[in-house]
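J.: Sharing my_file_27.tsv, TSV, C-alpha atoms:
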```tsv
chain	number	residue	atom	x	y	z
A	1	MET	CA	0.00	0.00	0.00
A	2	HIS	CA	1.39	3.39	-1.03
A	3	LEU	CA	0.85	6.37	1.26
A	4	ARG	CA	-0.70	8.36	-1.58
A	5	HIS	CA	-3.49	5.77	-1.76
A	6	LEU	CA	-4.13	6.34	1.93
A	7	ILE	CA	-4.06	10.14	1.76
A	8	HIS	CA	-5.96	10.34	-1.55
A	9	PRO	CA	-7.92	7.07	-1.69
A	10	ALA	CA	-9.82	5.97	-4.75
A	11	ALA	CA	-13.59	6.31	-4.70
A	12	ASP	CA	-13.84	2.53	-4.31
A	13	TRP	CA	-11.33	2.38	-1.43
A	14	LEU	CA	-13.95	1.10	1.01
A	15	GLU	CA	-15.38	-1.46	-1.40
A	16	ALA	CA	-12.45	-3.83	-0.92
A	17	PRO	CA	-11.68	-4.05	2.84
A	18	THR	CA	-9.37	-7.03	2.40
A	19	PRO	CA	-7.43	-8.27	5.45
A	20	ARG	CA	-4.21	-7.16	3.75
A	21	ARG	CA	-5.47	-3.61	3.27
A	22	VAL	CA	-6.90	-3.35	6.79
A	23	ALA	CA	-3.63	-4.69	8.25
A	24	ALA	CA	-1.55	-2.24	6.21
A	25	VAL	CA	-3.63	0.73	7.38
A	26	ALA	CA	-3.51	-0.52	10.99
A	27	LEU	CA	0.29	-0.89	10.86
A	28	THR	CA	0.61	2.63	9.44
A	29	THR	CA	-1.53	3.94	12.30
A	30	CYS	CA	0.55	2.11	14.91
A	31	ALA	CA	3.85	3.29	13.45
A	32	GLY	CA	2.84	6.96	13.29
A	33	LEU	CA	1.33	7.00	16.77
A	34	ALA	CA	4.26	5.10	18.29
A	35	ALA	CA	6.80	7.56	16.83
A	36	TYR	CA	4.82	10.54	18.06
A	37	GLY	CA	3.97	8.91	21.39
A	38	PHE	CA	7.65	8.38	22.19
A	39	THR	CA	8.26	12.13	21.87
A	40	VAL	CA	5.27	12.85	24.12
A	41	GLY	CA	6.63	10.82	27.02
A	42	TYR	CA	10.32	11.49	26.36
A	43	TRP	CA	10.30	14.80	28.27
A	44	ARG	CA	9.59	12.94	31.53
A	45	SER	CA	12.07	10.13	30.76
A	46	PRO	CA	13.03	7.82	27.86
A	47	LEU	CA	11.22	4.98	29.64
A	48	MET	CA	8.08	7.08	29.73
A	49	GLY	CA	8.54	7.64	26.01
A	50	VAL	CA	8.55	3.89	25.42
A	51	TYR	CA	5.42	3.50	27.55
A	52	VAL	CA	3.53	6.16	25.60
A	53	ALA	CA	4.73	4.73	22.28
A	54	VAL	CA	2.90	1.54	23.29
A	55	LYS	CA	-0.14	3.20	24.84
A	56	MET	CA	-1.14	5.53	22.00
A	57	PRO	CA	-1.74	2.71	19.47
A	58	LEU	CA	-3.31	0.68	22.31
A	59	LEU	CA	-5.77	3.51	22.97
A	60	ILE	CA	-6.98	3.45	19.36
A	61	ALA	CA	-7.14	-0.36	19.33
A	62	CYS	CA	-9.25	-0.43	22.50
A	63	THR	CA	-11.60	2.28	21.24
A	64	LEU	CA	-12.20	0.71	17.83
A	65	GLY	CA	-12.29	-2.81	19.25
A	66	CYS	CA	-14.95	-2.02	21.83
A	67	ASN	CA	-16.96	0.23	19.50
A	68	GLY	CA	-16.61	-1.92	16.38
A	69	LEU	CA	-20.10	-3.41	16.56
A	70	LEU	CA	-21.69	-0.03	17.34
A	71	ASN	CA	-19.82	1.73	14.51
A	72	GLY	CA	-20.90	-0.90	12.02
A	73	LEU	CA	-24.53	-0.74	13.14
A	74	LEU	CA	-24.56	3.06	12.97
A	75	GLY	CA	-23.07	2.95	9.49
A	76	MET	CA	-25.95	0.74	8.31
A	77	LEU	CA	-28.75	2.39	10.29
A	78	LEU	CA	-27.84	5.90	9.11
A	79	GLY	CA	-27.91	4.88	5.48
A	80	THR	CA	-24.29	4.93	4.34
A	81	GLY	CA	-24.52	1.43	2.91
A	82	LEU	CA	-21.26	0.46	4.64
A	83	GLY	CA	-20.84	-2.90	6.34
A	84	PHE	CA	-18.82	-3.71	9.44
A	85	ARG	CA	-15.50	-4.22	7.67
A	86	GLN	CA	-16.02	-1.13	5.52
A	87	SER	CA	-16.79	0.96	8.61
A	88	LEU	CA	-13.66	-0.36	10.31
A	89	LEU	CA	-11.53	0.49	7.27
A	90	ALA	CA	-13.04	3.98	7.04
A	91	LEU	CA	-12.26	4.73	10.69
A	92	LEU	CA	-8.81	3.16	10.47
A	93	THR	CA	-8.07	5.31	7.41
A	94	SER	CA	-9.01	8.40	9.41
A	95	PHE	CA	-6.81	7.40	12.35
A	96	ALA	CA	-3.98	6.52	9.95
A	97	LEU	CA	-4.06	10.02	8.47
A	98	ALA	CA	-3.94	11.56	11.96
A	99	ALA	CA	-1.07	9.21	12.81
A	100	LEU	CA	0.83	10.26	9.67
A	101	ILE	CA	0.41	13.93	10.57
A	102	LEU	CA	1.57	13.37	14.15
A	103	GLY	CA	4.33	11.00	13.12
A	104	SER	CA	5.67	13.57	10.66
A	105	LEU	CA	5.84	16.04	13.57
A	106	ALA	CA	7.80	13.61	15.76
A	107	PRO	CA	11.25	15.13	14.99
A	108	ALA	CA	9.98	18.60	15.93
A	109	THR	CA	8.20	17.42	19.09
A	110	TRP	CA	11.28	15.42	20.11
A	111	LEU	CA	13.35	18.60	19.84
A	112	LEU	CA	10.68	20.36	21.91
A	113	ALA	CA	11.08	17.73	24.64
A	114	TRP	CA	14.87	17.83	24.38
A	115	ASN	CA	15.06	21.60	24.82
A	116	ALA	CA	12.34	22.00	27.46
A	117	PRO	CA	13.39	22.54	31.11
A	118	PRO	CA	13.99	19.07	32.64
A	119	PRO	CA	11.48	17.57	35.09
A	120	GLY	CA	13.74	18.25	38.05
A	121	SER	CA	14.20	21.97	37.35
A	122	PRO	CA	12.35	24.83	39.13
A	123	ALA	CA	10.54	25.59	35.88
A	124	ALA	CA	9.27	22.03	35.48
A	125	ALA	CA	5.64	22.80	36.40
A	126	SER	CA	5.28	25.62	33.87
A	127	ALA	CA	7.17	23.58	31.25
A	128	HIS	CA	4.78	20.67	31.81
A	129	ALA	CA	1.76	22.95	31.38
A	130	ALA	CA	3.13	24.47	28.17
A	131	TYR	CA	4.11	21.02	26.90
A	132	LEU	CA	0.60	19.72	27.58
A	133	VAL	CA	-1.06	22.63	25.77
A	134	ALA	CA	1.28	22.35	22.76
A	135	HIS	CA	0.59	18.65	22.29
A	136	THR	CA	-3.14	19.13	22.83
A	137	VAL	CA	-3.21	21.67	20.00
A	138	LEU	CA	-1.22	19.37	17.69
A	139	ILE	CA	-3.44	16.38	18.42
A	140	GLY	CA	-6.53	18.55	17.91
A	141	ILE	CA	-5.31	19.75	14.49
A	142	ALA	CA	-4.48	16.21	13.41
A	143	GLY	CA	-7.87	14.97	14.62
A	144	ILE	CA	-9.86	17.68	12.82
A	145	SER	CA	-7.93	17.08	9.59
A	146	ALA	CA	-8.50	13.33	9.86
A	147	ASN	CA	-12.24	13.71	10.44
A	148	LEU	CA	-12.69	16.09	7.52
A	149	HIS	CA	-10.87	13.50	5.41
A	150	LEU	CA	-13.24	10.82	6.79
A	151	HIS	CA	-16.23	12.96	5.84
A	152	ARG	CA	-15.00	13.23	2.25
A	153	LEU	CA	-14.54	9.47	2.18
A	154	LEU	CA	-18.04	8.86	3.53
A	155	THR	CA	-19.54	11.38	1.10
A	156	ALA	CA	-17.97	9.52	-1.82
A	157	ASN	CA	-19.57	6.24	-0.71
A	158	ALA	CA	-22.87	7.20	0.93
A	159	PRO	CA	-25.98	7.72	-1.23
A	160	ASN	CA	-26.31	11.31	0.01
A	161	ARG	CA	-24.43	13.91	2.00
A	162	THR	CA	-26.88	13.82	4.92
A	163	ALA	CA	-26.17	10.15	5.60
A	164	ALA	CA	-22.42	10.80	5.48
A	165	THR	CA	-22.63	13.73	7.90
A	166	ALA	CA	-24.97	11.93	10.33
A	167	THR	CA	-22.69	8.88	10.37
A	168	LEU	CA	-19.58	10.97	10.97
A	169	LEU	CA	-21.16	12.84	13.89
A	170	ALA	CA	-22.47	9.59	15.40
A	171	TRP	CA	-19.04	7.96	15.12
A	172	LEU	CA	-17.39	11.04	16.64
A	173	ALA	CA	-19.76	10.98	19.60
A	174	GLY	CA	-19.40	7.27	20.32
A	175	ASN	CA	-15.66	6.96	19.75
A	176	GLY	CA	-14.96	10.25	21.50
A	177	PHE	CA	-16.93	9.25	24.59
A	178	LEU	CA	-15.28	5.86	24.90
A	179	GLY	CA	-11.83	7.03	23.80
A	180	ALA	CA	-11.75	9.74	26.44
A	181	GLN	CA	-12.44	7.19	29.17
A	182	PHE	CA	-9.81	4.80	27.82
A	183	SER	CA	-7.31	7.65	27.84
A	184	TRP	CA	-8.12	8.14	31.53
A	185	ILE	CA	-7.58	4.45	32.30
A	186	LEU	CA	-4.32	4.34	30.33
A	187	ARG	CA	-2.90	7.50	31.91
A	188	PRO	CA	-0.26	8.89	32.29
A	189	PHE	CA	0.71	10.02	28.81
A	190	PHE	CA	2.69	13.17	29.56
A	191	GLY	CA	4.06	12.24	32.95
A	192	TYR	CA	3.84	14.78	35.77
A	193	PRO	CA	7.28	15.93	37.01
A	194	THR	CA	6.72	15.00	40.66
A	195	LEU	CA	5.21	11.55	40.05
A	196	GLN	CA	7.17	8.37	39.41
A	197	VAL	CA	7.34	6.97	35.90
A	198	ALA	CA	4.82	4.14	35.52
A	199	PHE	CA	2.87	2.44	32.77
A	200	PHE	CA	-0.39	2.87	34.74
A	201	ARG	CA	-1.38	5.01	37.67
A	202	PRO	CA	-1.77	3.02	40.94
A	203	ASP	CA	-5.57	3.46	40.66
A	204	PRO	CA	-6.35	3.41	36.91
A	205	MET	CA	-10.03	2.55	37.41
A	206	HIS	CA	-10.67	5.22	40.05
A	207	GLY	CA	-12.77	8.13	38.83
A	208	ASN	CA	-13.29	8.98	35.18
A	209	PHE	CA	-12.23	11.47	32.54
A	210	TYR	CA	-15.38	13.55	32.75
A	211	GLN	CA	-15.22	14.04	36.51
A	212	ALA	CA	-11.62	15.20	36.17
A	213	VAL	CA	-12.53	17.71	33.44
A	214	TRP	CA	-15.47	18.99	35.46
A	215	ARG	CA	-13.37	19.48	38.60
A	216	SER	CA	-10.69	21.28	36.61
A	217	LEU	CA	-13.24	23.61	35.03
A	218	GLU	CA	-14.82	24.29	38.43
A	219	GLN	CA	-11.43	25.23	39.81
A	220	ILE	CA	-10.40	27.38	36.85
A	221	THR	CA	-13.72	29.25	36.49
A	222	GLY	CA	-14.51	29.63	40.17
A	223	GLY	CA	-17.60	27.46	40.09
A	224	HIS	CA	-18.89	28.32	36.60
A	225	ALA	CA	-17.99	25.05	34.90
A	226	LEU	CA	-21.21	24.64	32.89
A	227	PRO	CA	-20.96	27.90	30.88
A	228	ALA	CA	-17.26	27.24	30.30
A	229	LEU	CA	-17.96	23.70	29.09
A	230	LEU	CA	-20.67	24.91	26.70
A	231	ALA	CA	-18.34	27.57	25.32
A	232	ILE	CA	-15.59	24.99	24.73
A	233	LEU	CA	-17.99	22.59	22.98
A	234	LEU	CA	-19.30	25.36	20.73
A	235	ALA	CA	-15.78	26.48	19.92
A	236	LEU	CA	-14.96	22.92	18.83
A	237	LEU	CA	-18.19	22.07	17.03
A	238	ILE	CA	-18.87	25.26	15.06
A	239	PRO	CA	-15.75	25.14	12.85
A	240	ILE	CA	-16.16	21.38	12.33
A	241	VAL	CA	-19.82	21.71	11.30
A	242	ARG	CA	-19.06	24.68	9.04
A	243	ALA	CA	-16.23	22.78	7.38
A	244	ILE	CA	-18.49	19.76	6.85
A	245	GLN	CA	-21.14	21.96	5.26
A	246	THR	CA	-18.72	23.31	2.68
A	247	ASP	CA	-18.11	21.46	-0.53
A	248	HIS	CA	-15.21	19.05	-0.32
A	249	PRO	CA	-13.67	17.52	-3.43
A	250	THR	CA	-14.54	13.85	-3.48
A	251	PRO	CA	-11.92	11.23	-4.30
A	252	THR	CA	-11.54	10.71	-8.03
A	253	PRO	CA	-11.97	7.21	-9.40
A	254	ASN	CA	-8.79	5.48	-10.35
A	255	THR	CA	-7.30	2.04	-10.37
A	256	PRO	CA	-7.58	0.59	-6.85
A	257	PRO	CA	-4.26	-0.19	-5.19
A	258	PRO	CA	-3.20	-3.84	-5.02
```
As structure tokens, how would this structure be written, given the file I've shared?
T.:
Amino acid sequence: MHLRHLIHPAADWLEAPTPRRVAAVALTTCAGLAAYGFTVGYWRSPLMGVYVAVKMPLLIACTLGCNGLLNGLLGMLLGTGLGFRQSLLALLTSFALAALILGSLAPATWLLAWNAPPPGSPAAASAHAAYLVAHTVLIGIAGISANLHLHRLLTANAPNRTAATATLLAWLAGNGFLGAQFSWILRPFFGYPTLQVAFFRPDPMHGNFYQAVWRSLEQITGGHALPALLAILLALLIPIVRAIQTDHPTPTPNTPPP
């Protein structure tokens, strides 16, 4: 499989979800996320980098594995005409594109980790906060790009644009909800300076992602978490919905890759 077939797939890309093609896309996803994940954890320690290189592909595998049946059912119920294997390939293609974007940034993010104040320095707390924000922005950009690409792919295969958009939003909701919780269970990813390096926290099943976000918003906003949460959701959804509503060029038919 050539990368150009992944980035600019043929219109019939989803019509042939062979095991070889699915495996090739999955391996591309794992490679890109592992390269980027190593740079995410490297600031805390090289061992943490290795842990995160394993956990980022694991996070995607857990999310798609647990939501596979739901994603396939939603794809059929919302009228895209996609089966279970086609839905899996579509989502894997989206994650693979995000992984390629993040993997291509790995040299730059590794230099960012290399030049940041070390975890034992007085500036470690502020460096950790800046590091967290920088990677959140990069992951957000890669995710938005990947989902717009997924929408174009769905539009090329669904009988109408409404079915493609409804399916994308349903997949985003389901995978986002479950993926966020898996990210909580698999924490840490960035590694806090004052905590020991570990693959899992001592209490990985304690609490959940949404409680942590709510408490953080309550603390930051002085008790006005709900308006802040609504503002954040609108800030994320409005540009995505507007981009989906614009006309995207659909993949042009060509000879499907071997």
J.: Considering only C-alpha atoms, give me a table of residues in range 62-135 of chain A that are at most 8 Å from range 30-47 of chain A, with the closest atom pair and distance in Å for each, as a Markdown table.
T.:
```
| residue | atom | partner | partner_atom | distance |
| --- | --- | --- | --- | --- |
| A:Ala96 | CA | A:Gly32 | CA | 7.6 |
| A:Ala99 | CA | A:Gly32 | CA | 4.5 |
| A:Leu100 | CA | A:Gly32 | CA | 5.3 |
| A:Ile101 | CA | A:Gly32 | CA | 7.9 |
| A:Leu102 | CA | A:Tyr36 | CA | 5.8 |
| A:Gly103 | CA | A:Gly32 | CA | 4.3 |
| A:Ser104 | CA | A:Gly32 | CA | 7.7 |
| A:Leu105 | CA | A:Tyr36 | CA | 7.2 |
| A:Ala106 | CA | A:Tyr36 | CA | 4.9 |
| A:Thr109 | CA | A:Thr39 | CA | 6.0 |
| A:Trp110 | CA | A:Thr39 | CA | 4.8 |
| A:Ala113 | CA | A:Trp43 | CA | 4.7 |
| A:Trp114 | CA | A:Trp43 | CA | 6.7 |
| A:Ala116 | CA | A:Trp43 | CA | 7.5 |
| A:Pro118 | CA | A:Trp43 | CA | 7.1 |
| A:Pro119 | CA | A:Arg44 | CA | 6.1 |
| A:His135 | CA | A:Val40 | CA | 7.7 |
```
J.: Mind dumping a table of every range 79-189 of chain A residue within 12 Å of range 196-203 of chain A, with the nearest atom pair and its distance in Å to one decimal, using all atoms listed in the file, sorted by chain and rising number, as a Markdown table?
T.:
```
| residue | atom | partner | partner_atom | distance |
| --- | --- | --- | --- | --- |
| A:Pro119 | CA | A:Gln196 | CA | 11.0 |
| A:Gly120 | CA | A:Gln196 | CA | 11.9 |
| A:Phe182 | CA | A:Phe200 | CA | 11.8 |
| A:Ser183 | CA | A:Phe200 | CA | 10.9 |
| A:Trp184 | CA | A:Arg201 | CA | 9.6 |
| A:Ile185 | CA | A:Phe200 | CA | 7.8 |
| A:Leu186 | CA | A:Phe200 | CA | 6.1 |
| A:Arg187 | CA | A:Phe200 | CA | 6.0 |
| A:Pro188 | CA | A:Phe200 | CA | 6.5 |
| A:Phe189 | CA | A:Phe199 | CA | 8.8 |
```
J.: Just want the 12 Å neighbourhood of range 6-17 of chain A, counted on only C-alpha atoms, with same-chain residues fewer than 6 positions away dropped. Output as a count of residues only.
T.: 50
J.: Quick one: residues within 9 Å of range 168-175 of chain A, all atoms listed in the file counted, chain neighbours fewer than 4 positions away excluded, as a ChimeraX atom specification?
T.: /A:63-64,67,70-71,74-75,91,147,150-151,154,163-164,179-180
J.: Between CA of Gly143 in chain A and CA of Leu27 in chain A, what is the spacing in Å?
T.: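 Result for CA of Leu27 in chain A versus CA of Gly143 in chain A: 18.2 Å, one decimal.
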J.: Quick check, in Å to one decimal: how far apart do CA of Leu77 in chain A and CA of Thr162 in chain A lie?
T.: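 Rounded to one decimal, the two atoms are 12.8 Å apart.
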J.: Please report as CSV every residue of range 159-179 of chain A lying within 12 Å of range 207-224 of chain A, along with the nearest atom pair and their distance in Å (one decimal), using only C-alpha atoms.
T.:
```
residue,atom,partner,partner_atom,distance
A:Gly176,CA,A:Phe209,CA,11.4
A:Phe177,CA,A:Tyr210,CA,9.4
A:Leu178,CA,A:Phe209,CA,10.0
A:Gly179,CA,A:Phe209,CA,9.8
```
